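Asker: Here's a structure for you.
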Amino acid sequence: MDHQDVDAAVAEMLRVLGPHTAEDWTVPAGPLEWTCWQTAAHIGHDLLAYAGQLAAQPADAYLPIDLNVRPTASPAEVLQAVTACGGLLSSALATANPTLRAWHWGPCDPEGFAAMGVAETLLHTYDITQGLSVDWLPPAPLSAAVLNRLFPTAPHGDPTQVLLWCTGRGELDGLPRQTSWRWEAARSD
């Protein structure tokens, strides 16, 4: 995965959520405790954090930075902030040497940071659509790429449904619902 995948995920988020910025974003984002507004701000935070990790290349921790979106920001303004953070991650990925490693619970390569950026964007967009009662599912090609990079032991099946199952957001026939999960971004190579 690379910067183009991050760009595609952010563009999809804007396509889906942009028409709904006049709605009530203070409602919970699906099953999350966060509101739709807080969840969108969280996407921006993660994209910025991943960009920072790639730029600074820390070996053993996350940088001591956070994204602070003003509480008075409208949903449209929050989406602009997420777009900016996505652009920063995309730029960092476009210039990163593939052999670069930065910390994410171990050494993580640029492809891993791209996959996490796409996953955070798609999964939390899904959460927000659940809160806003918008019928949407993450695109299958991006879901498949995330599964391939972050969930190497995922079961076979429709990639979107499998990704939602892997992250505790859906059901898969014959398998218990996930109540605890984590992805595998760090690579020792």
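Ordering of the structure tokens sets the chain letters (A, B, ...); residue numbers start at 1 within each chain; ligands are numbered from 1 in the order shown.
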For region 61-69 of chain A, list every protein, DNA or RNA residue within 8 Å, evaluated using only C-alpha atoms, and leave out those in the same chain fewer than 2 positions away; present the list as a list of chain:residue names.

Answerer: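 Contacts, in chain order: A:Ala41, A:Gly44, A:His45, A:Leu48, A:Ala49, A:Gly52, A:Gln53, A:Pro58, A:Ala59, A:Pro71, A:Ala73, A:Val78, A:Ala81, A:Trp103, A:His104, A:Trp105.
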
Asker: What parts of region 1-137 of chain A does DSSP call strand (DSSP E or B)? I'd like the answer as a list in words.

Answerer: Pro28, Thr35, Ala102, Trp103, Pro107 and Cys108 of chain A

Asker: For the helix (DSSP H, G or I) assignment from backbone DSSP, which residues of region 55-139 of chain A qualify? Please present them as a PyMOL selection string.

Answerer: chain A and resi 55-56+75-95+110-132

Asker: Save out the residues we just selected, C-alpha atoms, as an mmCIF file, in the first residue's frame.

Answerer:
```
data_model
loop_
_atom_site.group_PDB
_atom_site.id
_atom_site.type_symbol
_atom_site.label_atom_id
_atom_site.label_comp_id
_atom_site.auth_asym_id
_atom_site.auth_seq_id
_atom_site.Cartn_x
_atom_site.Cartn_y
_atom_site.Cartn_z
ATOM 1 C CA ALA A 55 9.067 12.027 9.160
ATOM 2 C CA ALA A 56 10.837 11.650 12.509
ATOM 3 C CA PRO A 75 -18.333 18.979 10.571
ATOM 4 C CA ALA A 76 -17.229 20.442 7.210
ATOM 5 C CA GLU A 77 -14.226 22.066 8.886
ATOM 6 C CA VAL A 78 -13.339 18.817 10.649
ATOM 7 C CA LEU A 79 -13.364 17.061 7.276
ATOM 8 C CA GLN A 80 -11.030 19.771 5.937
ATOM 9 C CA ALA A 81 -8.665 19.088 8.845
ATOM 10 C CA VAL A 82 -8.804 15.344 8.107
ATOM 11 C CA THR A 83 -8.076 16.083 4.449
ATOM 12 C CA ALA A 84 -5.025 18.135 5.442
ATOM 13 C CA CYS A 85 -3.747 15.358 7.718
ATOM 14 C CA GLY A 86 -4.338 12.815 4.980
ATOM 15 C CA GLY A 87 -2.322 15.011 2.626
ATOM 16 C CA LEU A 88 0.524 15.137 5.129
ATOM 17 C CA LEU A 89 0.547 11.353 5.440
ATOM 18 C CA SER A 90 0.356 10.962 1.668
ATOM 19 C CA SER A 91 3.301 13.347 1.197
ATOM 20 C CA ALA A 92 5.355 11.551 3.842
ATOM 21 C CA LEU A 93 4.627 8.214 2.182
ATOM 22 C CA ALA A 94 5.440 9.503 -1.317
ATOM 23 C CA THR A 95 8.934 10.520 -0.213
ATOM 24 C CA PRO A 110 5.870 2.875 5.063
ATOM 25 C CA GLU A 111 3.469 0.311 3.611
ATOM 26 C CA GLY A 112 2.272 -0.460 7.135
ATOM 27 C CA PHE A 113 1.643 3.201 7.877
ATOM 28 C CA ALA A 114 -0.248 3.532 4.587
ATOM 29 C CA ALA A 115 -2.370 0.500 5.456
ATOM 30 C CA MET A 116 -3.123 1.861 8.928
ATOM 31 C CA GLY A 117 -4.057 5.249 7.476
ATOM 32 C CA VAL A 118 -6.424 3.619 5.009
ATOM 33 C CA ALA A 119 -7.885 1.353 7.708
ATOM 34 C CA GLU A 120 -8.486 4.212 10.157
ATOM 35 C CA THR A 121 -10.105 6.295 7.426
ATOM 36 C CA LEU A 122 -12.363 3.561 6.067
ATOM 37 C CA LEU A 123 -13.357 1.992 9.374
ATOM 38 C CA HIS A 124 -14.156 5.251 11.114
ATOM 39 C CA THR A 125 -15.964 6.550 8.047
ATOM 40 C CA TYR A 126 -18.062 3.401 8.363
ATOM 41 C CA ASP A 127 -18.675 4.189 12.057
ATOM 42 C CA ILE A 128 -19.747 7.738 11.188
ATOM 43 C CA THR A 129 -22.092 6.518 8.445
ATOM 44 C CA GLN A 130 -23.685 4.204 10.989
ATOM 45 C CA GLY A 131 -24.292 7.159 13.299
ATOM 46 C CA LEU A 132 -25.684 9.323 10.503
#
```

Asker: Tell me which of A:Ala8, A:Leu150, A:Leu54, A:Met1 sits closest to Arg101 (chain A), counting only C-alpha atoms.

Answerer: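 Smallest separation from Arg101 (chain A) among the options: A:Leu54.
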
Asker: Choose the residue, out of A:Ala185, A:Ala140, A:Val134, A:Leu175, that has the smallest atom-to-atom separation from Pro152 (chain A); count only C-alpha atoms.

Answerer: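 Closest to Pro152 (chain A) of all the choices is A:Ala185.
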
Asker: Leaving out Val16 (chain A) and any residue of its chain fewer than 4 positions from it, which residues lie within 8 Å of it when counting only C-alpha atoms, given as number ranges by chain?

Answerer: A: 12, 20, 136

Asker: Restricting it to C-alpha atoms, dump the selection as a compact mmCIF listing (two decimals), in the first residue's frame.

Answerer:
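File written: selection.txt
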```
# COMPACT_ATOMS: atom_id res chain seq x y z
CA GLU A 12 -13.93 8.25 -0.51
CA HIS A 20 -23.98 15.09 5.30
CA TRP A 136 -22.22 2.76 2.90
```

Asker: Suppose you want the space between CA of Pro139 (chain A) and CA of Asn97 (chain A); what is it in Å?

Answerer: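 These two atoms are separated by 27.7 Å.
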
Asker: Taking only C-alpha atoms into account, which of A:Ser143, A:Thr72, A:Thr26, A:Ser180 comes nearest Val162 (chain A)?

Answerer: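 Going through A:Ser143, A:Thr72, A:Thr26, A:Ser180 one by one, the smallest distance to Val162 (chain A) is for A:Ser143.
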
Asker: With a distance cut-off of 10 Å and only C-alpha atoms, select the neighbouring residues of Ser188 (chain A), excluding the residue or stretch itself and same-chain residues fewer than 6 positions from it, and output the selection as a PyMOL selection string.

Answerer: chain A and resi 101+106-109

Asker: Take the selection from the previous step and output its residues with C-alpha atoms, as a PDB file, in the first residue's frame.

Answerer:
```
ATOM      1  CA  ARG A 101      11.282   1.986   9.788  1.00  0.00           C
ATOM      2  CA  GLY A 106       7.650  -2.255  16.837  1.00  0.00           C
ATOM      3  CA  PRO A 107       9.402  -1.298  13.588  1.00  0.00           C
ATOM      4  CA  CYS A 108       6.875  -0.431  10.900  1.00  0.00           C
ATOM      5  CA  ASP A 109       7.537   0.203   7.221  1.00  0.00           C
TER       6      ASP A 109
END
```
